[in-house]
>>> print(open('input.txt').read())   # compact mmCIF, N, CA and C atoms
# COMPACT_ATOMS: atom_id res chain seq x y z
N MET A 14 1.34 -25.20 7.33
CA MET A 14 2.27 -24.59 6.41
C MET A 14 1.58 -23.42 5.71
N LEU A 15 2.24 -22.30 5.65
CA LEU A 15 1.70 -21.13 4.97
C LEU A 15 2.10 -21.14 3.50
N ASP A 16 1.20 -20.60 2.69
CA ASP A 16 1.46 -20.47 1.27
C ASP A 16 0.92 -19.11 0.84
N LEU A 17 1.59 -18.44 -0.08
CA LEU A 17 1.14 -17.16 -0.59
C LEU A 17 0.58 -17.33 -1.99
N LYS A 18 -0.67 -16.89 -2.16
CA LYS A 18 -1.34 -16.97 -3.45
C LYS A 18 -1.50 -15.55 -4.00
N PRO A 19 -0.97 -15.27 -5.22
CA PRO A 19 -1.11 -13.91 -5.76
C PRO A 19 -2.58 -13.50 -5.81
N LEU A 20 -2.87 -12.30 -5.32
CA LEU A 20 -4.23 -11.78 -5.33
C LEU A 20 -4.40 -10.74 -6.44
N PHE A 21 -3.56 -9.71 -6.42
CA PHE A 21 -3.58 -8.72 -7.50
C PHE A 21 -2.33 -7.86 -7.45
N THR A 22 -2.08 -7.18 -8.55
CA THR A 22 -1.05 -6.15 -8.63
C THR A 22 -1.76 -4.82 -8.73
N ALA A 23 -1.37 -3.89 -7.87
CA ALA A 23 -1.96 -2.54 -7.89
C ALA A 23 -0.91 -1.55 -8.34
N ARG A 24 -1.32 -0.67 -9.23
CA ARG A 24 -0.49 0.45 -9.67
C ARG A 24 -1.22 1.71 -9.22
N ILE A 25 -0.67 2.37 -8.22
CA ILE A 25 -1.35 3.47 -7.53
C ILE A 25 -0.69 4.79 -7.89
N SER A 26 -1.48 5.73 -8.39
CA SER A 26 -0.99 7.07 -8.72
C SER A 26 -1.02 7.94 -7.47
N LEU A 27 0.04 8.73 -7.29
CA LEU A 27 0.18 9.55 -6.08
C LEU A 27 0.33 11.02 -6.43
N GLY A 28 -0.24 11.87 -5.59
CA GLY A 28 -0.05 13.31 -5.72
C GLY A 28 1.17 13.74 -4.92
N PRO A 29 1.50 15.03 -5.00
CA PRO A 29 2.64 15.55 -4.23
C PRO A 29 2.41 15.39 -2.72
N ALA A 30 3.47 15.07 -2.02
CA ALA A 30 3.39 14.88 -0.58
C ALA A 30 3.11 16.20 0.13
N GLN A 31 2.28 16.13 1.14
CA GLN A 31 2.05 17.26 2.03
C GLN A 31 2.98 17.04 3.23
N GLU A 32 3.95 17.91 3.38
CA GLU A 32 4.94 17.77 4.45
C GLU A 32 4.48 18.56 5.66
N LEU A 33 4.17 17.88 6.75
CA LEU A 33 3.69 18.54 7.96
C LEU A 33 4.82 18.92 8.91
N GLY A 34 6.02 18.41 8.66
CA GLY A 34 7.18 18.75 9.49
C GLY A 34 7.38 17.79 10.64
N GLU A 35 8.38 18.12 11.46
CA GLU A 35 8.74 17.28 12.60
C GLU A 35 7.74 17.45 13.73
N GLY A 36 7.26 16.36 14.22
CA GLY A 36 6.37 16.35 15.38
C GLY A 36 7.00 15.55 16.49
N PRO A 37 6.27 15.31 17.55
CA PRO A 37 6.84 14.58 18.68
C PRO A 37 7.22 13.14 18.37
N ARG A 38 6.59 12.53 17.34
CA ARG A 38 6.88 11.12 17.01
C ARG A 38 7.77 10.96 15.78
N GLY A 39 8.01 12.07 15.04
CA GLY A 39 8.80 12.02 13.82
C GLY A 39 8.25 12.98 12.79
N ARG A 40 8.70 12.81 11.55
CA ARG A 40 8.27 13.69 10.46
C ARG A 40 7.00 13.12 9.83
N ARG A 41 5.96 13.91 9.82
CA ARG A 41 4.65 13.48 9.31
C ARG A 41 4.48 13.96 7.88
N ARG A 42 4.00 13.07 7.01
CA ARG A 42 3.69 13.41 5.62
C ARG A 42 2.38 12.74 5.23
N ILE A 43 1.64 13.40 4.36
CA ILE A 43 0.41 12.82 3.82
C ILE A 43 0.55 12.83 2.31
N ILE A 44 0.39 11.66 1.71
CA ILE A 44 0.55 11.52 0.26
C ILE A 44 -0.80 11.13 -0.34
N PRO A 45 -1.42 12.05 -1.11
CA PRO A 45 -2.72 11.76 -1.71
C PRO A 45 -2.65 10.61 -2.72
N ILE A 46 -3.68 9.80 -2.72
CA ILE A 46 -3.84 8.75 -3.73
C ILE A 46 -4.82 9.30 -4.76
N THR A 47 -4.36 9.40 -5.99
CA THR A 47 -5.15 10.07 -7.03
C THR A 47 -5.83 9.10 -8.00
N GLY A 48 -5.58 7.80 -7.86
CA GLY A 48 -6.19 6.81 -8.74
C GLY A 48 -5.28 5.62 -8.92
N GLY A 49 -5.61 4.81 -9.91
CA GLY A 49 -4.78 3.67 -10.21
C GLY A 49 -5.59 2.50 -10.72
N THR A 50 -4.90 1.39 -10.90
CA THR A 50 -5.53 0.17 -11.41
C THR A 50 -5.07 -1.03 -10.58
N LEU A 51 -5.88 -2.09 -10.63
CA LEU A 51 -5.47 -3.34 -10.03
C LEU A 51 -5.88 -4.46 -10.97
N SER A 52 -5.02 -5.46 -11.06
CA SER A 52 -5.33 -6.59 -11.93
C SER A 52 -4.91 -7.88 -11.26
N GLY A 53 -5.84 -8.83 -11.30
CA GLY A 53 -5.59 -10.15 -10.74
C GLY A 53 -6.67 -11.10 -11.22
N ALA A 54 -6.47 -12.37 -10.98
CA ALA A 54 -7.42 -13.38 -11.45
C ALA A 54 -8.75 -13.28 -10.72
N ARG A 55 -8.74 -12.92 -9.42
CA ARG A 55 -9.98 -12.88 -8.64
C ARG A 55 -10.46 -11.46 -8.35
N VAL A 56 -9.57 -10.48 -8.44
CA VAL A 56 -9.93 -9.09 -8.17
C VAL A 56 -9.22 -8.21 -9.19
N SER A 57 -10.00 -7.38 -9.89
CA SER A 57 -9.42 -6.41 -10.81
C SER A 57 -10.34 -5.19 -10.86
N GLY A 58 -9.81 -4.08 -11.29
CA GLY A 58 -10.60 -2.86 -11.37
C GLY A 58 -9.73 -1.64 -11.27
N ARG A 59 -10.22 -0.66 -10.48
CA ARG A 59 -9.48 0.59 -10.36
C ARG A 59 -9.46 1.07 -8.92
N ILE A 60 -8.51 1.95 -8.66
CA ILE A 60 -8.39 2.60 -7.36
C ILE A 60 -8.99 3.99 -7.51
N LEU A 61 -9.94 4.29 -6.67
CA LEU A 61 -10.62 5.57 -6.77
C LEU A 61 -9.77 6.69 -6.15
N PRO A 62 -9.84 7.88 -6.70
CA PRO A 62 -9.13 9.01 -6.08
C PRO A 62 -9.78 9.35 -4.75
N GLY A 63 -9.01 9.95 -3.87
CA GLY A 63 -9.56 10.40 -2.59
C GLY A 63 -8.94 9.76 -1.38
N GLY A 64 -8.16 8.72 -1.55
CA GLY A 64 -7.47 8.11 -0.42
C GLY A 64 -6.15 8.81 -0.17
N ALA A 65 -5.40 8.31 0.79
CA ALA A 65 -4.09 8.88 1.10
C ALA A 65 -3.27 7.88 1.91
N ASP A 66 -1.97 8.15 1.94
CA ASP A 66 -1.04 7.41 2.79
C ASP A 66 -0.54 8.40 3.83
N TRP A 67 -0.90 8.14 5.10
CA TRP A 67 -0.47 8.98 6.21
C TRP A 67 0.81 8.36 6.75
N GLN A 68 1.94 8.99 6.44
CA GLN A 68 3.24 8.42 6.80
C GLN A 68 3.84 9.12 8.01
N LEU A 69 4.58 8.36 8.78
CA LEU A 69 5.39 8.90 9.85
C LEU A 69 6.81 8.42 9.61
N ILE A 70 7.74 9.35 9.42
CA ILE A 70 9.15 8.98 9.24
C ILE A 70 9.80 9.10 10.62
N ARG A 71 10.15 7.97 11.18
CA ARG A 71 10.70 7.93 12.53
C ARG A 71 12.16 8.40 12.54
N GLY A 72 12.67 8.66 13.73
CA GLY A 72 14.05 9.09 13.89
C GLY A 72 15.06 8.09 13.38
N ASP A 73 14.70 6.81 13.35
CA ASP A 73 15.62 5.78 12.84
C ASP A 73 15.52 5.60 11.33
N GLY A 74 14.71 6.47 10.67
CA GLY A 74 14.59 6.42 9.22
C GLY A 74 13.50 5.51 8.69
N VAL A 75 12.86 4.75 9.56
CA VAL A 75 11.79 3.84 9.13
C VAL A 75 10.53 4.65 8.87
N ALA A 76 9.90 4.41 7.72
CA ALA A 76 8.62 5.03 7.39
C ALA A 76 7.51 4.09 7.81
N GLU A 77 6.65 4.57 8.72
CA GLU A 77 5.45 3.82 9.09
C GLU A 77 4.37 4.24 8.10
N LEU A 78 3.82 3.28 7.37
CA LEU A 78 2.86 3.55 6.31
C LEU A 78 1.46 3.20 6.80
N GLU A 79 0.52 4.08 6.52
CA GLU A 79 -0.88 3.85 6.88
C GLU A 79 -1.76 4.44 5.78
N ALA A 80 -2.09 3.61 4.81
CA ALA A 80 -2.88 4.06 3.66
C ALA A 80 -4.32 3.60 3.79
N ARG A 81 -5.22 4.45 3.33
CA ARG A 81 -6.65 4.12 3.27
C ARG A 81 -7.18 4.60 1.94
N TYR A 82 -7.89 3.71 1.24
CA TYR A 82 -8.42 4.06 -0.07
C TYR A 82 -9.52 3.09 -0.46
N THR A 83 -10.15 3.35 -1.60
CA THR A 83 -11.27 2.53 -2.06
C THR A 83 -10.95 1.91 -3.41
N LEU A 84 -11.25 0.62 -3.54
CA LEU A 84 -11.16 -0.08 -4.82
C LEU A 84 -12.56 -0.18 -5.41
N GLU A 85 -12.64 -0.05 -6.72
CA GLU A 85 -13.88 -0.36 -7.44
C GLU A 85 -13.56 -1.48 -8.41
N THR A 86 -14.17 -2.65 -8.21
CA THR A 86 -13.87 -3.80 -9.05
C THR A 86 -14.45 -3.61 -10.44
N ALA A 87 -13.98 -4.39 -11.37
CA ALA A 87 -14.44 -4.31 -12.76
C ALA A 87 -15.94 -4.59 -12.87
N ASP A 88 -16.49 -5.33 -11.89
CA ASP A 88 -17.92 -5.62 -11.91
C ASP A 88 -18.72 -4.75 -10.94
N GLY A 89 -18.12 -3.63 -10.49
CA GLY A 89 -18.87 -2.61 -9.76
C GLY A 89 -18.88 -2.67 -8.24
N ALA A 90 -18.19 -3.58 -7.62
CA ALA A 90 -18.15 -3.66 -6.15
C ALA A 90 -17.19 -2.60 -5.60
N LEU A 91 -17.53 -2.05 -4.44
CA LEU A 91 -16.64 -1.13 -3.75
C LEU A 91 -16.02 -1.85 -2.56
N ILE A 92 -14.70 -1.70 -2.42
CA ILE A 92 -13.96 -2.36 -1.36
C ILE A 92 -13.07 -1.34 -0.68
N TYR A 93 -13.24 -1.20 0.63
CA TYR A 93 -12.41 -0.30 1.43
C TYR A 93 -11.12 -1.03 1.80
N VAL A 94 -9.99 -0.31 1.71
CA VAL A 94 -8.68 -0.89 2.02
C VAL A 94 -8.02 -0.06 3.13
N ARG A 95 -7.50 -0.75 4.14
CA ARG A 95 -6.60 -0.17 5.14
C ARG A 95 -5.30 -0.94 5.01
N ASN A 96 -4.23 -0.23 4.74
CA ASN A 96 -2.96 -0.89 4.47
C ASN A 96 -1.88 -0.31 5.37
N HIS A 97 -1.32 -1.15 6.24
CA HIS A 97 -0.29 -0.72 7.19
C HIS A 97 1.00 -1.44 6.86
N GLY A 98 2.11 -0.76 7.09
CA GLY A 98 3.39 -1.42 6.87
C GLY A 98 4.58 -0.54 7.14
N TYR A 99 5.73 -0.97 6.63
CA TYR A 99 6.99 -0.29 6.85
C TYR A 99 7.78 -0.20 5.55
N ARG A 100 8.54 0.91 5.44
CA ARG A 100 9.54 1.04 4.38
C ARG A 100 10.82 1.50 5.05
N HIS A 101 11.92 0.79 4.77
CA HIS A 101 13.21 1.21 5.32
C HIS A 101 14.32 0.63 4.45
N GLY A 102 15.50 1.15 4.65
CA GLY A 102 16.65 0.70 3.89
C GLY A 102 17.85 1.57 4.19
N PRO A 103 18.94 1.35 3.47
CA PRO A 103 20.13 2.19 3.68
C PRO A 103 19.79 3.66 3.40
N ARG A 104 20.39 4.54 4.20
CA ARG A 104 20.12 5.97 4.11
C ARG A 104 20.27 6.52 2.68
N GLU A 105 21.34 6.09 1.99
CA GLU A 105 21.58 6.61 0.64
C GLU A 105 20.50 6.13 -0.34
N VAL A 106 19.99 4.93 -0.15
CA VAL A 106 18.91 4.42 -1.01
C VAL A 106 17.62 5.20 -0.77
N LEU A 107 17.30 5.45 0.51
CA LEU A 107 16.10 6.21 0.83
C LEU A 107 16.20 7.65 0.31
N ALA A 108 17.41 8.22 0.31
CA ALA A 108 17.61 9.56 -0.24
C ALA A 108 17.33 9.57 -1.74
N ARG A 109 17.74 8.52 -2.44
CA ARG A 109 17.47 8.43 -3.88
C ARG A 109 15.97 8.31 -4.13
N LEU A 110 15.28 7.52 -3.31
CA LEU A 110 13.82 7.41 -3.43
C LEU A 110 13.16 8.76 -3.22
N ALA A 111 13.59 9.48 -2.18
CA ALA A 111 13.02 10.78 -1.85
C ALA A 111 13.26 11.80 -2.97
N ALA A 112 14.34 11.62 -3.71
CA ALA A 112 14.66 12.51 -4.83
C ALA A 112 13.89 12.16 -6.10
N GLY A 113 13.09 11.09 -6.04
CA GLY A 113 12.29 10.69 -7.20
C GLY A 113 13.01 9.78 -8.16
N GLU A 114 14.19 9.28 -7.79
CA GLU A 114 14.92 8.36 -8.66
C GLU A 114 14.26 6.99 -8.65
N GLU A 115 14.42 6.26 -9.75
CA GLU A 115 13.98 4.86 -9.79
C GLU A 115 15.00 4.03 -9.04
N VAL A 116 14.54 3.29 -8.07
CA VAL A 116 15.40 2.45 -7.24
C VAL A 116 14.82 1.04 -7.28
N ALA A 117 15.65 0.06 -7.51
CA ALA A 117 15.20 -1.33 -7.54
C ALA A 117 14.60 -1.70 -6.18
N PRO A 118 13.42 -2.31 -6.17
CA PRO A 118 12.77 -2.68 -4.90
C PRO A 118 13.64 -3.59 -4.01
N ALA A 119 14.56 -4.32 -4.60
CA ALA A 119 15.42 -5.20 -3.81
C ALA A 119 16.41 -4.41 -2.95
N GLU A 120 16.56 -3.11 -3.22
CA GLU A 120 17.51 -2.28 -2.46
C GLU A 120 16.93 -1.76 -1.15
N TYR A 121 15.63 -1.92 -0.94
CA TYR A 121 15.00 -1.47 0.30
C TYR A 121 13.86 -2.41 0.65
N TYR A 122 13.34 -2.25 1.85
CA TYR A 122 12.27 -3.10 2.36
C TYR A 122 10.98 -2.30 2.37
N MET A 123 9.95 -2.82 1.70
CA MET A 123 8.63 -2.20 1.76
C MET A 123 7.61 -3.32 1.77
N ARG A 124 7.05 -3.57 2.96
CA ARG A 124 6.08 -4.64 3.14
C ARG A 124 4.88 -4.08 3.90
N THR A 125 3.69 -4.54 3.51
CA THR A 125 2.47 -4.06 4.14
C THR A 125 1.50 -5.21 4.39
N THR A 126 0.48 -4.91 5.17
CA THR A 126 -0.57 -5.87 5.47
C THR A 126 -1.93 -5.24 5.15
N PRO A 127 -2.40 -5.36 3.91
CA PRO A 127 -3.70 -4.78 3.57
C PRO A 127 -4.85 -5.57 4.18
N ARG A 128 -5.86 -4.83 4.64
CA ARG A 128 -7.10 -5.44 5.13
C ARG A 128 -8.23 -4.85 4.32
N PHE A 129 -9.20 -5.69 4.01
CA PHE A 129 -10.29 -5.31 3.12
C PHE A 129 -11.62 -5.36 3.84
N GLU A 130 -12.53 -4.50 3.38
CA GLU A 130 -13.88 -4.49 3.94
C GLU A 130 -14.87 -4.15 2.82
N THR A 131 -15.88 -5.00 2.66
CA THR A 131 -16.91 -4.76 1.66
C THR A 131 -18.22 -5.38 2.11
N GLY A 132 -19.30 -4.80 1.62
CA GLY A 132 -20.62 -5.36 1.86
C GLY A 132 -21.12 -6.15 0.67
N ASP A 133 -20.33 -6.20 -0.39
CA ASP A 133 -20.70 -6.92 -1.61
C ASP A 133 -20.44 -8.41 -1.40
N GLU A 134 -21.49 -9.22 -1.48
CA GLU A 134 -21.38 -10.66 -1.22
C GLU A 134 -20.38 -11.37 -2.13
N ARG A 135 -20.21 -10.88 -3.35
CA ARG A 135 -19.27 -11.52 -4.28
C ARG A 135 -17.83 -11.46 -3.77
N TYR A 136 -17.55 -10.48 -2.92
CA TYR A 136 -16.19 -10.30 -2.41
C TYR A 136 -16.12 -10.41 -0.89
N ALA A 137 -17.16 -10.99 -0.27
CA ALA A 137 -17.19 -11.12 1.19
C ALA A 137 -16.00 -11.92 1.72
N TRP A 138 -15.45 -12.81 0.92
CA TRP A 138 -14.28 -13.60 1.33
C TRP A 138 -13.10 -12.69 1.69
N LEU A 139 -13.03 -11.48 1.09
CA LEU A 139 -11.94 -10.56 1.41
C LEU A 139 -12.04 -10.04 2.84
N ASN A 140 -13.26 -10.00 3.41
CA ASN A 140 -13.45 -9.50 4.77
C ASN A 140 -12.74 -10.37 5.81
N ARG A 141 -12.37 -11.58 5.44
CA ARG A 141 -11.73 -12.49 6.39
C ARG A 141 -10.40 -13.04 5.87
N ALA A 142 -9.89 -12.45 4.81
CA ALA A 142 -8.61 -12.89 4.24
C ALA A 142 -7.44 -12.16 4.91
N VAL A 143 -6.38 -12.91 5.18
CA VAL A 143 -5.13 -12.33 5.64
C VAL A 143 -4.25 -12.15 4.41
N CYS A 144 -3.77 -10.92 4.21
CA CYS A 144 -2.98 -10.62 3.02
C CYS A 144 -1.70 -9.90 3.41
N VAL A 145 -0.71 -10.02 2.55
CA VAL A 145 0.55 -9.30 2.68
C VAL A 145 0.89 -8.72 1.32
N ALA A 146 1.72 -7.68 1.31
CA ALA A 146 2.09 -7.06 0.04
C ALA A 146 3.54 -6.63 0.07
N SER A 147 4.13 -6.61 -1.10
CA SER A 147 5.47 -6.10 -1.31
C SER A 147 5.34 -4.89 -2.22
N GLY A 148 6.00 -3.79 -1.84
CA GLY A 148 5.82 -2.55 -2.58
C GLY A 148 7.07 -2.06 -3.27
N ALA A 149 6.85 -1.23 -4.27
CA ALA A 149 7.92 -0.54 -4.98
C ALA A 149 7.47 0.90 -5.19
N ARG A 150 8.26 1.85 -4.70
CA ARG A 150 7.93 3.28 -4.82
C ARG A 150 8.57 3.82 -6.08
N HIS A 151 7.78 4.61 -6.82
CA HIS A 151 8.25 5.31 -8.02
C HIS A 151 8.06 6.80 -7.78
N ALA A 152 8.48 7.64 -8.71
CA ALA A 152 8.43 9.09 -8.51
C ALA A 152 7.03 9.57 -8.15
N ALA A 153 6.01 9.18 -8.89
CA ALA A 153 4.64 9.64 -8.62
C ALA A 153 3.67 8.47 -8.57
N ALA A 154 4.18 7.31 -8.20
CA ALA A 154 3.33 6.11 -8.18
C ALA A 154 3.91 5.07 -7.24
N LEU A 155 3.14 4.03 -7.05
CA LEU A 155 3.51 2.93 -6.19
C LEU A 155 2.97 1.66 -6.82
N THR A 156 3.75 0.59 -6.79
CA THR A 156 3.29 -0.71 -7.24
C THR A 156 3.25 -1.63 -6.02
N LEU A 157 2.12 -2.30 -5.85
CA LEU A 157 1.97 -3.27 -4.77
C LEU A 157 1.65 -4.64 -5.36
N GLU A 158 2.39 -5.65 -4.96
CA GLU A 158 2.09 -7.04 -5.28
C GLU A 158 1.40 -7.61 -4.05
N VAL A 159 0.11 -7.88 -4.15
CA VAL A 159 -0.67 -8.32 -2.99
C VAL A 159 -0.91 -9.83 -3.08
N TYR A 160 -0.70 -10.50 -1.93
CA TYR A 160 -0.83 -11.95 -1.83
C TYR A 160 -1.81 -12.30 -0.72
N GLU A 161 -2.59 -13.34 -0.93
CA GLU A 161 -3.45 -13.88 0.11
C GLU A 161 -2.67 -15.00 0.79
N VAL A 162 -2.65 -15.00 2.11
CA VAL A 162 -1.99 -16.06 2.87
C VAL A 162 -2.95 -17.23 2.95
N GLN A 163 -2.50 -18.38 2.48
CA GLN A 163 -3.32 -19.60 2.46
C GLN A 163 -3.04 -20.43 3.69
>>> encode(input="input.txt", output="structure tokens")
Amino acid sequence: MLDLKPLFTARISLGPAQELGEGPRGRRRIIPITGGTLSGARVSGRILPGGADWQLIRGDGVAELEARYTLETADGALIYVRNHGYRHGPREVLARLAAGEEVAPAEYYMRTTPRFETGDERYAWLNRAVCVASGARHAAALTLEVYEVQ
């Protein structure tokens, strides 16, 4: 039986999207990650600037998400994150999101599978943890509720 244990909540600040235009696989965008915070019982700290979300908006409207960034825990550990997932929903809801409107997360689907990598022994357990996340997009930020699968 699977169980989900809350790991942390991340509030990620985002820069303006770099629109690369239509390519052979869809519309490519790169969204800089400019910082943020994370808080949880076992992991807390901040998100370092310098990461990004490399998105592909497919012809069917589904956004393929591929984010890479670094966490710095409150006690100084560095943790690399690779986060893959999907965002999709009704066309009119996605248009409101794209316009920067606040949209209730229940109106669209945004789920990801973050993977962690660190050499810090205090957090080595993250190197082998399976995690899932539920996301909410805001005008210049993103909230992720990250869970460890037990």
>>> closest_residue(input="input.txt", among="A:Ser26, A:Gln68, A:Ser57, A:Thr156", to="Arg40 of chain A", atoms="all atoms listed in the file")
A:Gln68
>>> residues_near_point(input="input.txt", point="(-3.5, 4.6, 5.0)", cutoff="5 Å", atoms="all atoms listed in the file", output="list in words")
Ala65, Asp66, Trp67, Glu79, Ala80, Arg81 and Asn96 of chain A
>>> residues_near_point(input="input.txt", point="(-4.8, -16.0, -1.9)", cutoff="8 Å", atoms="all atoms listed in the file", output="ChimeraX atom specification")
/A:16-21,142-144,159-163
>>> atom_distance(input="input.txt", atom1="atom CA of Glu32 of chain A", atom2="atom CA of Glu85 of chain A")
28.7 Å
>>> atom_distance(input="input.txt", atom1="atom C of Thr125 of chain A", atom2="atom CA of Tyr99 of chain A")
7.8 Å
>>> closest_residue(input="input.txt", among="A:Ala111, A:Ile92, A:Val116, A:Gly148", to="Phe129 of chain A", atoms="only C-alpha atoms")
A:Ile92
>>> build_atoms(input="input.txt", residues="segment 87-101 of chain A", atoms="N, CA, C and O atoms", output="PDB file, in the frame of the given file")
ATOM      1  N   ALA A  87     -13.980  -4.390 -11.370  1.00  0.00           N
ATOM      2  CA  ALA A  87     -14.440  -4.310 -12.760  1.00  0.00           C
ATOM      3  C   ALA A  87     -15.940  -4.590 -12.870  1.00  0.00           C
ATOM      4  O   ALA A  87     -16.591  -4.110 -13.796  1.00  0.00           O
ATOM      5  N   ASP A  88     -16.490  -5.330 -11.890  1.00  0.00           N
ATOM      6  CA  ASP A  88     -17.920  -5.620 -11.910  1.00  0.00           C
ATOM      7  C   ASP A  88     -18.720  -4.750 -10.940  1.00  0.00           C
ATOM      8  O   ASP A  88     -19.847  -5.052 -10.580  1.00  0.00           O
ATOM      9  N   GLY A  89     -18.120  -3.630 -10.490  1.00  0.00           N
ATOM     10  CA  GLY A  89     -18.870  -2.610  -9.760  1.00  0.00           C
ATOM     11  C   GLY A  89     -18.880  -2.670  -8.240  1.00  0.00           C
ATOM     12  O   GLY A  89     -19.536  -1.849  -7.608  1.00  0.00           O
ATOM     13  N   ALA A  90     -18.190  -3.580  -7.620  1.00  0.00           N
ATOM     14  CA  ALA A  90     -18.150  -3.660  -6.150  1.00  0.00           C
ATOM     15  C   ALA A  90     -17.190  -2.600  -5.600  1.00  0.00           C
ATOM     16  O   ALA A  90     -16.165  -2.306  -6.206  1.00  0.00           O
ATOM     17  N   LEU A  91     -17.530  -2.050  -4.440  1.00  0.00           N
ATOM     18  CA  LEU A  91     -16.640  -1.130  -3.750  1.00  0.00           C
ATOM     19  C   LEU A  91     -16.020  -1.850  -2.560  1.00  0.00           C
ATOM     20  O   LEU A  91     -16.715  -2.528  -1.799  1.00  0.00           O
ATOM     21  N   ILE A  92     -14.700  -1.700  -2.420  1.00  0.00           N
ATOM     22  CA  ILE A  92     -13.960  -2.360  -1.360  1.00  0.00           C
ATOM     23  C   ILE A  92     -13.070  -1.340  -0.680  1.00  0.00           C
ATOM     24  O   ILE A  92     -12.252  -0.672  -1.334  1.00  0.00           O
ATOM     25  N   TYR A  93     -13.240  -1.200   0.630  1.00  0.00           N
ATOM     26  CA  TYR A  93     -12.410  -0.300   1.430  1.00  0.00           C
ATOM     27  C   TYR A  93     -11.120  -1.030   1.800  1.00  0.00           C
ATOM     28  O   TYR A  93     -11.142  -2.200   2.168  1.00  0.00           O
ATOM     29  N   VAL A  94      -9.990  -0.310   1.710  1.00  0.00           N
ATOM     30  CA  VAL A  94      -8.680  -0.890   2.020  1.00  0.00           C
ATOM     31  C   VAL A  94      -8.020  -0.060   3.130  1.00  0.00           C
ATOM     32  O   VAL A  94      -7.991   1.168   3.049  1.00  0.00           O
ATOM     33  N   ARG A  95      -7.500  -0.750   4.140  1.00  0.00           N
ATOM     34  CA  ARG A  95      -6.600  -0.170   5.140  1.00  0.00           C
ATOM     35  C   ARG A  95      -5.300  -0.940   5.010  1.00  0.00           C
ATOM     36  O   ARG A  95      -5.296  -2.166   5.156  1.00  0.00           O
ATOM     37  N   ASN A  96      -4.230  -0.230   4.740  1.00  0.00           N
ATOM     38  CA  ASN A  96      -2.960  -0.890   4.470  1.00  0.00           C
ATOM     39  C   ASN A  96      -1.880  -0.310   5.370  1.00  0.00           C
ATOM     40  O   ASN A  96      -1.568   0.864   5.269  1.00  0.00           O
ATOM     41  N   HIS A  97      -1.320  -1.150   6.240  1.00  0.00           N
ATOM     42  CA  HIS A  97      -0.290  -0.720   7.190  1.00  0.00           C
ATOM     43  C   HIS A  97       1.000  -1.440   6.860  1.00  0.00           C
ATOM     44  O   HIS A  97       0.985  -2.602   6.444  1.00  0.00           O
ATOM     45  N   GLY A  98       2.110  -0.760   7.090  1.00  0.00           N
ATOM     46  CA  GLY A  98       3.390  -1.420   6.870  1.00  0.00           C
ATOM     47  C   GLY A  98       4.580  -0.540   7.140  1.00  0.00           C
ATOM     48  O   GLY A  98       4.471   0.511   7.790  1.00  0.00           O
ATOM     49  N   TYR A  99       5.730  -0.970   6.630  1.00  0.00           N
ATOM     50  CA  TYR A  99       6.990  -0.290   6.850  1.00  0.00           C
ATOM     51  C   TYR A  99       7.780  -0.200   5.550  1.00  0.00           C
ATOM     52  O   TYR A  99       7.741  -1.096   4.713  1.00  0.00           O
ATOM     53  N   ARG A 100       8.540   0.910   5.440  1.00  0.00           N
ATOM     54  CA  ARG A 100       9.540   1.040   4.380  1.00  0.00           C
ATOM     55  C   ARG A 100      10.820   1.500   5.050  1.00  0.00           C
ATOM     56  O   ARG A 100      10.811   2.457   5.831  1.00  0.00           O
ATOM     57  N   HIS A 101      11.920   0.790   4.770  1.00  0.00           N
ATOM     58  CA  HIS A 101      13.210   1.210   5.320  1.00  0.00           C
ATOM     59  C   HIS A 101      14.320   0.630   4.450  1.00  0.00           C
ATOM     60  O   HIS A 101      14.091  -0.239   3.608  1.00  0.00           O
TER      61      HIS A 101
END
